[in-house]
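Participant: Contents are mmCIF, C-alpha atoms; file name data.cif:
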```
data_coords
loop_
_atom_site.label_atom_id
_atom_site.label_comp_id
_atom_site.auth_asym_id
_atom_site.auth_seq_id
_atom_site.Cartn_x
_atom_site.Cartn_y
_atom_site.Cartn_z
CA MET A 1 2.47 -44.24 14.89
CA GLU A 2 -1.19 -44.71 14.02
CA LEU A 3 -3.53 -43.20 16.61
CA PRO A 4 -6.81 -44.86 17.69
CA GLU A 5 -9.80 -43.53 15.74
CA ASN A 6 -11.42 -41.66 18.66
CA ILE A 7 -8.13 -39.92 19.55
CA GLN A 8 -7.50 -39.07 15.89
CA LYS A 9 -10.97 -37.49 15.58
CA THR A 10 -10.40 -35.40 18.71
CA LEU A 11 -7.02 -34.28 17.37
CA GLU A 12 -8.61 -33.22 14.08
CA ASN A 13 -11.23 -31.17 15.95
CA ILE A 14 -8.52 -29.48 18.03
CA ARG A 15 -6.57 -28.62 14.90
CA LYS A 16 -9.63 -26.99 13.34
CA GLY A 17 -9.83 -24.55 16.24
CA ARG A 18 -6.15 -23.55 16.28
CA LYS A 19 -4.17 -21.12 14.13
CA HIS A 20 -0.92 -23.05 14.47
CA TYR A 21 -0.02 -26.66 13.81
CA VAL A 22 -1.05 -29.13 16.50
CA ASP A 23 0.73 -32.43 17.04
CA VAL A 24 0.86 -35.16 19.68
CA LYS A 25 3.52 -37.04 21.58
CA ILE A 26 3.00 -40.38 23.28
CA ILE A 27 4.74 -40.39 26.68
CA ASN A 28 4.35 -43.34 29.04
CA GLY A 29 1.25 -44.47 27.17
CA ARG A 30 -0.46 -41.06 27.40
CA CYS A 31 -1.23 -38.82 24.44
CA TYR A 32 -0.01 -35.24 25.00
CA VAL A 33 -0.99 -32.39 22.68
CA TYR A 34 1.34 -29.57 21.60
CA GLU A 35 0.88 -26.47 19.50
CA SER A 36 3.89 -25.67 17.30
CA THR A 37 4.76 -22.08 16.43
CA SER A 38 7.65 -20.61 14.46
CA LYS A 39 9.29 -17.21 14.65
CA TRP A 40 12.10 -15.54 12.72
CA ASP A 41 15.10 -14.83 14.93
CA SER A 42 16.90 -11.78 13.52
CA GLU A 43 20.07 -12.46 15.54
CA SER A 44 20.64 -16.02 14.41
CA LYS A 45 18.85 -15.38 11.13
CA LYS A 46 17.01 -18.63 11.52
CA VAL A 47 13.45 -19.74 12.06
CA LYS A 48 12.99 -20.87 15.64
CA LYS A 49 10.30 -23.40 16.47
CA THR A 50 8.63 -23.68 19.84
CA ASN A 51 6.22 -26.29 21.17
CA LYS A 52 3.60 -25.24 23.70
CA TYR A 53 1.89 -27.95 25.73
CA ILE A 54 -1.89 -27.47 25.56
CA GLY A 55 -3.25 -30.64 27.16
CA ARG A 56 -3.75 -34.35 26.67
CA ILE A 57 -6.30 -36.68 25.06
CA SER A 58 -7.57 -39.53 27.21
CA SER A 59 -8.10 -42.99 25.76
CA ASP A 60 -11.84 -42.33 25.19
CA GLY A 61 -11.11 -39.21 23.12
CA THR A 62 -11.78 -36.57 25.80
CA PHE A 63 -9.49 -33.52 25.54
CA ILE A 64 -8.11 -32.44 28.92
CA GLN A 65 -6.70 -28.95 28.59
CA GLY A 66 -3.53 -28.36 30.60
CA THR A 67 -2.11 -25.48 32.56
CA HIS A 68 0.84 -25.05 30.16
CA ARG A 69 3.10 -26.92 32.53
CA LYS A 70 5.11 -29.99 31.71
CA PRO A 71 3.15 -33.17 30.95
CA GLY A 72 2.49 -35.33 33.96
CA LEU A 73 1.49 -32.43 36.20
CA GLU A 74 -2.12 -31.76 37.18
CA ALA A 75 -4.48 -30.74 34.37
CA ALA A 76 -6.57 -27.70 35.14
CA LEU A 77 -9.42 -27.78 32.64
CA ILE A 78 -11.31 -30.31 30.62
CA ARG A 79 -13.30 -29.83 27.45
CA ALA A 80 -14.65 -32.05 24.75
CA PRO A 81 -13.63 -31.22 21.18
CA ARG A 82 -14.88 -27.83 20.01
CA PRO A 83 -18.71 -27.95 20.05
CA SER A 84 -21.03 -27.13 17.22
CA ARG A 85 -22.71 -23.72 17.09
CA ARG A 86 -25.84 -24.97 18.80
CA GLN A 87 -23.91 -26.37 21.75
CA GLU A 88 -22.03 -23.92 23.93
CA VAL A 89 -19.85 -25.64 26.51
CA VAL A 90 -18.91 -23.42 29.43
CA ALA A 91 -15.16 -23.55 29.94
CA PRO A 92 -14.49 -24.89 33.43
CA SER A 93 -12.24 -22.89 35.70
CA TYR A 94 -10.82 -22.77 39.20
CA ALA A 95 -12.64 -19.54 39.97
CA THR A 96 -13.95 -19.51 43.52
CA THR A 97 -17.58 -18.54 44.04
CA GLN A 98 -19.55 -17.98 47.21
CA HIS A 99 -20.86 -21.54 46.83
CA ASP A 100 -17.32 -22.97 46.98
CA ARG A 101 -16.75 -21.50 50.43
CA ILE A 102 -18.11 -24.20 52.69
CA GLY A 103 -19.43 -23.08 56.05
CA LYS A 104 -18.71 -24.93 59.28
CA TYR A 105 -22.11 -26.62 59.44
CA ASP A 106 -22.93 -26.80 55.72
CA LYS A 107 -22.17 -30.46 55.14
CA GLU A 108 -23.89 -31.72 58.30
CA ILE A 109 -27.06 -29.76 57.61
CA LEU A 110 -27.14 -30.62 53.91
CA MET A 111 -26.65 -34.32 54.60
CA ALA A 112 -29.33 -34.36 57.30
CA LEU A 113 -31.83 -32.61 55.00
CA SER A 114 -30.87 -34.83 52.07
CA MET A 115 -31.77 -37.87 54.14
CA ASP A 116 -34.92 -36.37 55.69
CA GLY A 117 -36.17 -33.10 54.29
CA ARG A 118 -38.96 -32.92 56.87
CA LEU A 119 -36.64 -32.92 59.89
CA THR A 120 -37.82 -30.60 62.64
CA ILE A 121 -35.50 -27.89 63.92
CA HIS A 122 -35.34 -29.78 67.22
CA ASP A 123 -34.04 -32.92 65.46
CA LEU A 124 -31.73 -30.91 63.21
CA SER A 125 -30.20 -29.18 66.25
CA LYS A 126 -29.15 -32.62 67.51
CA VAL A 127 -27.12 -33.01 64.32
CA THR A 128 -25.44 -29.59 64.53
CA GLY A 129 -25.04 -29.48 68.31
CA LEU A 130 -26.35 -25.91 68.20
CA LYS A 131 -29.34 -24.39 69.93
CA ALA A 132 -32.63 -24.43 68.04
CA THR A 133 -32.49 -20.70 67.12
CA ALA A 134 -28.93 -20.97 65.80
CA THR A 135 -29.79 -24.14 63.87
CA GLU A 136 -32.81 -22.48 62.29
CA ASN A 137 -30.62 -19.57 61.15
CA GLN A 138 -28.06 -21.98 59.71
CA LYS A 139 -30.78 -23.90 57.87
CA SER A 140 -32.27 -20.70 56.48
CA ASN A 141 -28.84 -19.63 55.25
CA MET A 142 -28.37 -23.01 53.56
CA GLU A 143 -31.73 -22.75 51.79
CA SER A 144 -30.86 -19.32 50.44
CA LYS A 145 -27.21 -20.00 49.62
CA TYR A 146 -27.77 -23.25 47.73
CA GLY A 147 -31.30 -22.66 46.44
CA ILE A 148 -32.66 -25.71 48.23
CA LYS A 149 -35.84 -27.27 46.91
CA TYR A 150 -37.57 -30.01 48.92
CA ILE A 151 -38.80 -32.89 46.78
CA ALA A 152 -40.04 -36.47 47.13
CA GLU A 153 -37.75 -39.36 46.23
CA ILE A 154 -40.14 -41.87 44.67
CA ASP A 155 -39.41 -45.46 43.64
CA VAL A 156 -41.29 -45.75 40.33
CA SER A 157 -40.65 -49.50 40.16
CA LYS A 158 -42.97 -49.89 43.17
CA LEU A 159 -45.64 -48.07 41.14
CA GLY A 160 -45.33 -50.53 38.25
CA TYR A 161 -42.94 -48.70 35.92
CA LEU A 162 -39.74 -49.73 34.21
CA THR A 163 -36.96 -47.23 33.54
CA TYR A 164 -34.89 -46.88 30.38
CA ILE A 165 -32.06 -44.80 29.01
CA VAL A 166 -32.59 -43.62 25.43
CA MET A 167 -29.66 -42.28 23.41
CA ILE A 168 -30.21 -40.42 20.13
CA ARG A 169 -27.69 -39.67 17.41
CA PHE A 170 -28.78 -37.47 14.51
CA GLU A 171 -27.45 -38.39 11.10
CA ASN A 172 -27.36 -35.03 9.34
CA LYS A 173 -29.01 -31.88 10.65
CA LYS A 174 -29.67 -31.52 14.36
CA PRO A 175 -32.41 -29.60 16.17
CA GLY A 176 -31.56 -26.50 18.15
CA ILE A 177 -32.07 -26.40 21.90
CA ASN A 178 -35.50 -24.73 21.77
CA GLU A 179 -36.82 -27.10 19.11
CA ALA A 180 -35.49 -30.13 21.00
CA ARG A 181 -37.21 -28.92 24.17
CA ARG A 182 -40.53 -28.41 22.34
CA GLU A 183 -40.30 -31.90 20.85
CA LEU A 184 -39.72 -33.62 24.19
CA GLU A 185 -41.29 -31.65 27.04
CA ASN A 186 -44.86 -32.79 26.32
CA GLU A 187 -43.97 -36.50 26.47
CA PRO A 188 -45.06 -37.54 29.99
CA SER A 189 -42.84 -40.64 29.98
CA ILE A 190 -39.68 -38.51 29.59
CA GLN A 191 -38.43 -37.44 33.04
CA LEU A 192 -35.00 -36.18 31.98
CA ALA A 193 -33.57 -35.14 28.61
CA MET A 194 -30.08 -33.75 28.07
CA LEU A 195 -28.24 -32.40 25.04
CA THR A 196 -24.81 -33.96 24.89
CA TYR A 197 -21.57 -33.51 23.03
CA GLY A 198 -19.82 -36.73 22.11
CA LYS A 199 -20.96 -40.02 20.59
CA TYR A 200 -24.65 -39.16 21.05
CA ASP A 201 -26.62 -35.92 20.74
CA ILE A 202 -29.36 -36.55 23.33
CA ILE A 203 -29.64 -38.78 26.38
CA MET A 204 -33.07 -39.34 27.91
CA TYR A 205 -34.36 -41.10 31.02
CA ILE A 206 -37.88 -42.47 30.51
CA VAL A 207 -40.43 -44.47 32.51
CA LEU A 208 -42.75 -47.01 30.89
CA SER A 209 -45.76 -48.76 32.39
CA LEU A 210 -45.73 -52.51 32.98
CA ARG A 211 -49.47 -52.49 32.31
CA GLU A 212 -48.92 -51.73 28.64
CA GLU A 213 -46.74 -53.45 26.07
CA ILE A 214 -43.28 -51.88 26.20
CA LYS A 215 -42.77 -52.19 22.46
CA THR A 216 -45.99 -50.27 21.78
CA GLN A 217 -45.06 -47.47 24.20
CA LEU A 218 -41.62 -47.09 22.60
CA PHE A 219 -43.18 -47.15 19.14
CA ASN A 220 -45.59 -44.37 20.10
CA ILE A 221 -42.81 -42.21 21.54
CA ARG A 222 -40.70 -42.66 18.40
CA ASN A 223 -43.66 -41.67 16.24
CA ARG A 224 -44.14 -38.44 18.17
CA ILE A 225 -40.62 -37.02 18.44
CA PHE A 226 -38.20 -35.72 15.80
CA THR A 227 -40.27 -37.23 12.97
CA SER A 228 -38.62 -35.03 10.31
CA TYR A 229 -35.05 -35.95 11.30
CA ASP A 230 -32.81 -38.81 10.27
CA LEU A 231 -31.62 -40.37 13.50
CA LYS A 232 -30.58 -43.55 15.26
CA LEU A 233 -32.25 -44.29 18.57
CA TYR A 234 -30.87 -46.72 21.14
CA VAL A 235 -32.96 -47.96 24.07
CA MET A 236 -31.42 -49.69 27.10
CA PRO A 237 -33.02 -50.94 30.34
CA PHE A 238 -31.72 -48.84 33.23
CA TYR A 239 -31.66 -49.82 36.90
CA LEU A 240 -30.97 -47.04 39.39
CA ASP A 241 -28.12 -47.82 41.78
CA TYR A 242 -27.38 -44.44 43.28
CA SER A 243 -29.48 -41.27 43.61
CA PHE A 244 -32.59 -40.77 41.47
CA VAL A 245 -34.21 -38.60 38.82
CA PRO A 246 -36.82 -36.12 40.14
CA LEU A 247 -40.20 -36.78 38.56
CA ARG A 248 -41.81 -34.12 36.39
CA ASP A 249 -45.35 -32.84 36.88
CA LYS A 250 -46.19 -34.55 33.56
CA PHE A 251 -45.52 -37.94 35.15
CA PHE A 252 -48.54 -37.49 37.39
CA ASP A 253 -50.74 -37.27 34.28
CA LEU A 254 -49.71 -40.88 33.68
CA LEU A 255 -50.00 -41.86 37.32
CA GLN A 256 -53.54 -40.52 37.58
CA GLU A 257 -54.70 -43.58 35.65
CA ARG A 258 -53.66 -45.68 38.67
CA VAL A 259 -56.04 -43.94 41.06
CA TRP A 260 -58.65 -46.41 42.26
CA THR A 261 -62.29 -45.44 42.24
CA ARG A 262 -64.77 -47.79 43.90
CA SER A 263 -67.25 -49.36 41.50
CA ILE A 264 -69.27 -52.55 41.04
CA GLU A 265 -66.67 -53.85 38.61
CA LYS A 266 -63.82 -52.83 40.89
CA PRO A 267 -64.91 -52.98 44.54
CA ARG A 268 -61.30 -53.17 45.79
CA PRO A 269 -58.04 -51.72 44.48
CA LYS A 270 -55.79 -54.04 42.49
CA GLU A 271 -52.06 -54.37 43.02
CA GLY A 272 -50.40 -51.15 41.85
CA ASP A 273 -53.53 -49.04 42.29
CA LEU A 274 -53.40 -45.92 44.45
CA HIS A 275 -55.96 -44.40 46.75
CA ARG A 276 -56.74 -40.82 45.80
CA ARG A 277 -55.15 -39.58 49.03
CA GLU A 278 -51.91 -41.42 48.12
CA TYR A 279 -51.85 -39.95 44.63
CA VAL A 280 -52.46 -36.46 46.02
CA ALA A 281 -49.70 -36.84 48.62
CA LEU A 282 -47.18 -38.01 46.00
CA LYS A 283 -48.05 -35.21 43.60
CA GLU A 284 -47.95 -32.38 46.13
CA LEU A 285 -44.83 -33.59 47.97
CA SER A 286 -43.00 -33.91 44.65
CA GLN A 287 -43.56 -30.20 44.15
CA ASP A 288 -42.92 -29.19 47.77
CA GLY A 289 -41.66 -31.88 50.11
CA ARG A 290 -42.30 -29.79 53.22
CA LYS A 291 -45.87 -28.89 52.38
CA ASP A 292 -48.18 -28.99 55.38
CA PHE A 293 -50.46 -32.03 55.40
CA THR A 294 -53.42 -29.97 56.60
CA ASP A 295 -53.00 -27.64 53.62
CA ILE A 296 -53.01 -30.64 51.26
CA ASP A 297 -56.20 -31.99 52.87
CA ASN A 298 -57.92 -28.62 52.54
CA MET A 299 -56.75 -28.13 48.94
CA TYR A 300 -58.30 -31.43 47.81
CA GLU A 301 -61.21 -31.40 50.28
CA LEU A 302 -59.98 -34.55 51.99
CA PRO A 303 -60.88 -35.50 55.57
CA LEU A 304 -58.30 -34.06 57.97
CA GLY A 305 -55.40 -36.44 58.47
CA SER A 306 -55.84 -38.15 55.08
CA SER A 307 -52.61 -36.97 53.45
CA ARG A 308 -50.54 -37.64 56.58
CA TYR A 309 -51.93 -41.17 56.73
CA ALA A 310 -51.24 -41.60 52.99
CA TYR A 311 -47.66 -40.38 53.51
CA GLN A 312 -47.05 -42.98 56.21
CA LYS A 313 -48.54 -45.76 54.05
CA LEU A 314 -46.42 -44.74 51.05
CA VAL A 315 -43.29 -44.91 53.19
CA GLU A 316 -44.29 -48.35 54.53
CA LYS A 317 -44.78 -49.63 50.96
CA GLY A 318 -41.39 -48.28 49.90
CA ILE A 319 -42.97 -46.12 47.20
CA LEU A 320 -41.90 -42.91 48.96
CA LYS A 321 -38.28 -43.44 49.98
CA ARG A 322 -37.83 -40.06 51.63
CA ILE A 323 -38.33 -36.33 51.37
CA THR A 324 -34.99 -35.03 50.19
CA ILE A 325 -33.47 -31.87 48.73
CA SER A 326 -32.17 -30.71 45.39
CA MET A 327 -29.77 -27.77 45.33
CA GLN A 328 -30.40 -25.31 42.50
CA ASN A 329 -27.46 -22.97 43.21
CA VAL A 330 -24.36 -25.12 43.14
CA HIS A 331 -21.15 -24.40 41.26
CA VAL A 332 -21.23 -26.87 38.35
CA ASN A 333 -19.47 -26.04 35.09
CA TYR A 334 -20.99 -28.98 33.28
CA VAL A 335 -21.98 -32.61 33.80
CA SER A 336 -19.98 -35.50 32.41
CA ALA A 337 -21.94 -38.53 31.20
CA ILE A 338 -19.65 -41.53 31.59
CA ASN A 339 -20.63 -44.84 30.04
CA VAL A 340 -18.61 -47.70 31.56
CA GLN A 341 -19.13 -50.83 29.47
CA LYS A 342 -18.11 -54.20 30.86
CA VAL A 343 -16.07 -56.14 28.29
CA ASN A 344 -14.40 -58.76 30.51
CA ASN A 345 -16.36 -60.02 33.48
CA GLU A 346 -13.44 -61.88 35.07
CA LYS A 347 -11.17 -58.84 35.03
CA PHE A 348 -13.92 -56.49 36.23
CA ALA A 349 -14.73 -58.79 39.15
CA ARG A 350 -11.21 -58.23 40.51
CA TYR A 351 -11.73 -54.44 40.47
CA ARG A 352 -15.42 -54.32 41.43
CA LYS A 353 -14.67 -53.45 45.06
CA GLU A 354 -12.57 -50.42 44.02
CA PHE A 355 -15.23 -49.41 41.51
CA LEU A 356 -17.97 -49.45 44.17
CA GLN A 357 -15.78 -47.53 46.61
CA GLY A 358 -15.11 -44.93 43.93
CA ILE A 359 -18.83 -44.23 43.53
CA ILE A 360 -19.34 -43.34 47.21
CA ASN A 361 -15.98 -41.69 47.96
CA ASP A 362 -17.01 -38.04 47.76
CA PRO A 363 -14.46 -35.20 47.49
CA ASP A 364 -13.81 -33.45 50.81
CA ASP A 365 -14.16 -29.97 49.31
CA SER A 366 -17.71 -30.41 47.97
CA VAL A 367 -21.16 -29.95 49.47
CA MET A 368 -22.67 -32.40 46.98
CA ASN A 369 -22.07 -36.01 46.02
CA LYS A 370 -19.50 -36.93 43.39
CA TYR A 371 -22.21 -38.50 41.20
CA ALA A 372 -25.68 -37.10 40.58
CA LEU A 373 -26.87 -40.42 39.17
CA VAL A 374 -25.54 -43.96 38.76
CA GLY A 375 -27.37 -46.88 37.20
CA ASP A 376 -26.81 -50.24 35.55
CA ILE A 377 -27.38 -50.42 31.82
CA LYS A 378 -28.27 -53.68 30.12
CA MET A 379 -27.61 -54.54 26.47
CA PRO A 380 -24.73 -53.78 26.40
CA GLU A 381 -23.91 -54.44 30.05
CA GLY A 382 -22.39 -51.51 31.88
CA VAL A 383 -22.91 -48.53 34.16
CA LEU A 384 -23.92 -44.95 33.34
CA LEU A 385 -22.56 -42.30 35.70
CA LEU A 386 -23.50 -38.62 35.67
CA ALA A 387 -20.77 -36.57 37.33
CA PRO A 388 -21.20 -32.84 38.07
CA VAL A 389 -17.87 -31.19 37.21
CA ARG A 390 -16.90 -28.07 39.14
CA ASN A 391 -13.34 -27.83 37.79
CA GLY A 392 -10.62 -29.84 36.12
CA ARG A 393 -9.61 -31.57 39.34
CA ASP A 394 -12.99 -33.33 39.55
CA ILE A 395 -12.92 -34.92 36.11
CA VAL A 396 -9.21 -35.74 36.16
CA ALA A 397 -9.67 -37.55 39.49
CA ILE A 398 -12.67 -39.50 38.13
CA ASP A 399 -10.85 -40.24 34.87
CA ASP A 400 -7.79 -41.59 36.68
CA GLU A 401 -9.99 -43.59 39.05
CA LEU A 402 -11.91 -45.30 36.25
CA ARG A 403 -8.76 -46.00 34.21
CA ARG A 404 -7.52 -48.23 37.01
CA VAL A 405 -10.53 -50.53 36.62
CA GLU A 406 -9.79 -53.40 34.26
CA GLY A 407 -12.29 -55.25 32.12
CA VAL A 408 -14.20 -52.12 31.07
CA GLU A 409 -14.26 -49.55 28.29
CA VAL A 410 -14.92 -45.96 29.34
CA GLU A 411 -16.76 -43.57 27.06
CA SER A 412 -17.35 -39.94 28.10
CA MET A 413 -19.68 -37.22 26.87
CA ILE A 414 -20.39 -33.70 28.02
CA ILE A 415 -23.93 -32.66 28.88
CA THR A 416 -24.31 -29.20 27.41
CA ASP A 417 -27.93 -28.55 28.43
CA VAL A 418 -30.64 -30.17 30.52
CA ILE A 419 -33.70 -29.41 28.39
CA VAL A 420 -36.38 -31.48 30.16
CA GLY A 421 -36.55 -32.28 33.86
CA SER A 422 -33.67 -31.83 36.27
CA LEU A 423 -30.81 -33.60 38.03
CA CYS A 424 -30.74 -33.93 41.80
CA TYR A 425 -27.77 -32.27 43.51
CA ARG A 426 -27.65 -33.19 47.19
CA LYS A 427 -25.40 -34.59 49.96
CA PHE A 428 -26.71 -38.13 50.33
CA ASP A 429 -25.30 -40.11 53.24
CA ASN A 430 -23.36 -42.80 51.39
CA LYS A 431 -23.47 -45.09 54.43
CA GLN A 432 -27.10 -45.63 53.39
CA SER A 433 -26.20 -46.54 49.78
CA SER A 434 -26.44 -49.97 48.18
CA GLN A 435 -22.72 -49.72 47.31
CA TYR A 436 -21.83 -49.33 50.99
CA LYS A 437 -23.97 -52.33 51.91
CA ILE A 438 -22.37 -54.48 49.18
CA LEU A 439 -18.88 -53.51 50.36
CA GLY A 440 -19.79 -54.64 53.85
CA ASP A 441 -21.73 -57.78 52.95
CA GLU A 442 -19.60 -59.12 50.09
CA TYR A 443 -16.14 -57.70 50.76
CA ASN A 444 -16.21 -57.40 54.56
CA ALA A 445 -15.24 -53.76 54.21
CA LYS A 446 -15.15 -51.95 57.51
CA GLN A 447 -18.33 -49.94 57.99
CA ALA A 448 -18.85 -46.99 60.26
CA PRO A 449 -22.00 -46.86 62.42
CA GLU A 450 -24.99 -45.84 60.38
CA ILE A 451 -26.71 -42.54 61.05
CA GLU A 452 -30.44 -42.91 61.57
CA PHE A 453 -32.67 -40.56 59.60
CA GLY A 454 -36.38 -40.97 59.28
CA PRO A 455 -38.10 -40.81 55.87
#
```
Could you take the file, read its structure, and then write that structure out as structure tokens?
Facilitator:
Amino acid sequence: MELPENIQKTLENIRKGRKHYVDVKIINGRCYVYESTSKWDSESKKVKKTNKYIGRISSDGTFIQGTHRKPGLEAALIRAPRPSRRQEVVAPSYATTQHDRIGKYDKEILMALSMDGRLTIHDLSKVTGLKATATENQKSNMESKYGIKYIAEIDVSKLGYLTYIVMIRFENKKPGINEARRELENEPSIQLAMLTYGKYDIIMYIVLSLREEIKTQLFNIRNRIFTSYDLKLYVMPFYLDYSFVPLRDKFFDLLQERVWTRSIEKPRPKEGDLHRREYVALKELSQDGRKDFTDIDNMYELPLGSSRYAYQKLVEKGILKRITISMQNVHVNYVSAINVQKVNNEKFARYRKEFLQGIINDPDDSVMNKYALVGDIKMPEGVLLLAPVRNGRDIVAIDDELRRVEGVEVESMIITDVIVGSLCYRKFDNKQSSQYKILGDEYNAKQAPEIEFGP
């Protein structure tokens, strides 16, 4: 039986990393991988062959390593084909760390802070049901345990920027991690860059200004990065559906051009311009979302109350969605980049409800959301999902969930390193998500009462 090309390539990579012969068996439409060994039996005076089950290959070519049980039982680990020398993929495991042990109030506190990072202890105590002192201790423990950083969630589209996903595939030689970081970190439009193992070598999230020609901005970026390498670069418009990408300090070098200064030629700010106090508030709250407004005023020699007023105006305009958190100390073995391409609109429409529910159905045993980022990709039409993987159960559950959706092709890659920017790990209240609203508005899905959090 002839195997699909992506499965055949994965099988060849597995064989390269094994001492013994590796073969596959197709059982109930699934491709199971076995390692064959032979041993001389002195009693029977014959060579005995044994087959050891080592995992399965999903339809997109991802190798899911098994637990050496019979096929059909739960897979324990997942890896892509053996990586190149420059890309070390940490082997996922079921090892329990201190971050896996979820405290009684962990989820409630993390969700409350994810929705409003500037909550007072008094308001937070209403969420926990504890006294203020006990709540403050719990919050302090959370900040230490999970390495909580408070950041601003900013809607760059309201500032006049478009967002794109850029995927790079190198033709021959590839840059090492340090060289790739040097090439990309000084580009202010790049907010996130990740080394990947799979169809592409790098995935980037970039922001481009509507005030300048998009083609020119892309041309300039291409002329500044990896100029000595043969590569193919793919650019796709990207519309955030779920979560967001934290903005780098470099972004504010771009944004500074939007700060309005009164002049004869420009007596009033134009649409998209920012007052200096608004720019300052965005910049400082992106670095520390709980920074005291008085300290910001003093730092920039603003009249007292300026940054607080700017904060309120930014919230009213929808530019500043909320102060949220990003957890730095969470147990993540790697991140899976899953590209879901729509190939049949009629079939997908029948499974869209299940697809939307899958995005916001978080695992019960996790303090963070199932997906760190979800967004629509155009040309080709589809969805990019970034899933933090703690162990094999996570990715197997996601894989099985997506396989049930018809009308799409699923393509997975492994993020081996985040070299520029960062992902946001938090416990967003999915009742506030656009997916939850669509399920209620379009599918009459039963909705629980919404929890009110201020921005």
Participant: By how many Å are atom CA of Ala281 of chain A and atom CA of Phe244 of chain A apart?
Facilitator: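 For atom CA of Ala281 of chain A relative to atom CA of Phe244 of chain A, the distance reads 19.0 Å.
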Participant: Using only C-alpha atoms, which protein or nucleic acid residues come within 10 Å of segment 283-299 of chain A? Drop anything in the same chain fewer than 3 positions from it, and give the result as number ranges by chain.
Facilitator: A: 116-119, 149-154, 246-249, 251-253, 255-256, 277-280, 302-311, 320, 322-325
Participant: Excluding same-chain residues fewer than 5 positions from Tyr146 of chain A, what lies within 8 Å of it counting all atoms listed in the file, as a list of chain:residue names?
Facilitator: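 Within the cut-off, the hits are A:His99, A:Met327, A:Gln328, A:Asn329, A:Val330.
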Participant: Counting only C-alpha atoms, give me one row per residue of segment 167-249 of chain A with an atom at most 12 Å from an atom of segment 338-353 of chain A, showing the shortest contact pair and its distance in Å to one decimal, sorted by chain then residue number, as CSV.
Facilitator:
```
residue,atom,partner,partner_atom,distance
A:Met167,CA,A:Asn339,CA,11.5
A:Thr196,CA,A:Ile338,CA,11.3
A:Tyr197,CA,A:Ile338,CA,11.9
A:Gly198,CA,A:Ile338,CA,10.6
A:Lys199,CA,A:Asn339,CA,10.6
A:Tyr200,CA,A:Asn339,CA,11.4
A:Ile203,CA,A:Asn339,CA,11.5
```
Participant: Exactly which residues make up the result of the PyMOL selection byres ((chain A and resi 168-176) around 10) on this file, given as number ranges by chain?
Facilitator: A: 85-87, 166-167, 177-181, 183, 195-196, 198-204, 226, 229-235
Participant: Using the chain letters and residue numbers of this document, give as a PyMOL selection string the residues selected by the PyMOL selection byres ((chain A and resi 402) around 12).
Facilitator: chain A and resi 58-60+338-341+348+351-352+354-359+383+385+395-401+403-412
Participant: Report the residues retrieved by the PyMOL selection byres ((chain A and resi 156) around 12) from the displayed file, expressed as a ChimeraX atom specification.
Facilitator: /A:152-155,157-164,189,191,206-210,239-240,244-247,251-252,254-255,272,282,314,317-321
Participant: Calculated over all atoms listed in the file, which of the candidates A:Thr135, A:Ser114, A:Asn223, A:Gln8 has the smallest distance to Val367 of chain A?
Facilitator: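 For Val367 of chain A, the nearest of the given residues is A:Ser114.
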Participant: Just give me the gap between atom CA of Arg276 of chain A and atom CA of Val315 of chain A in Å, one decimal is fine.
Facilitator: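 Those two atoms sit 15.9 Å apart.
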Participant: Atom CA of Ile148 of chain A and atom CA of Tyr436 of chain A, how far apart in Å?
Facilitator: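 Pair atom CA of Tyr436 of chain A / atom CA of Ile148 of chain A returns 26.1 Å.
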Participant: Name all residues at most 10 Å from Ser434 of chain A (count all atoms listed in the file; drop same-chain ones fewer than 6 positions away) and give them as a PyMOL selection string.
Facilitator: chain A and resi 241-242+356+360+440
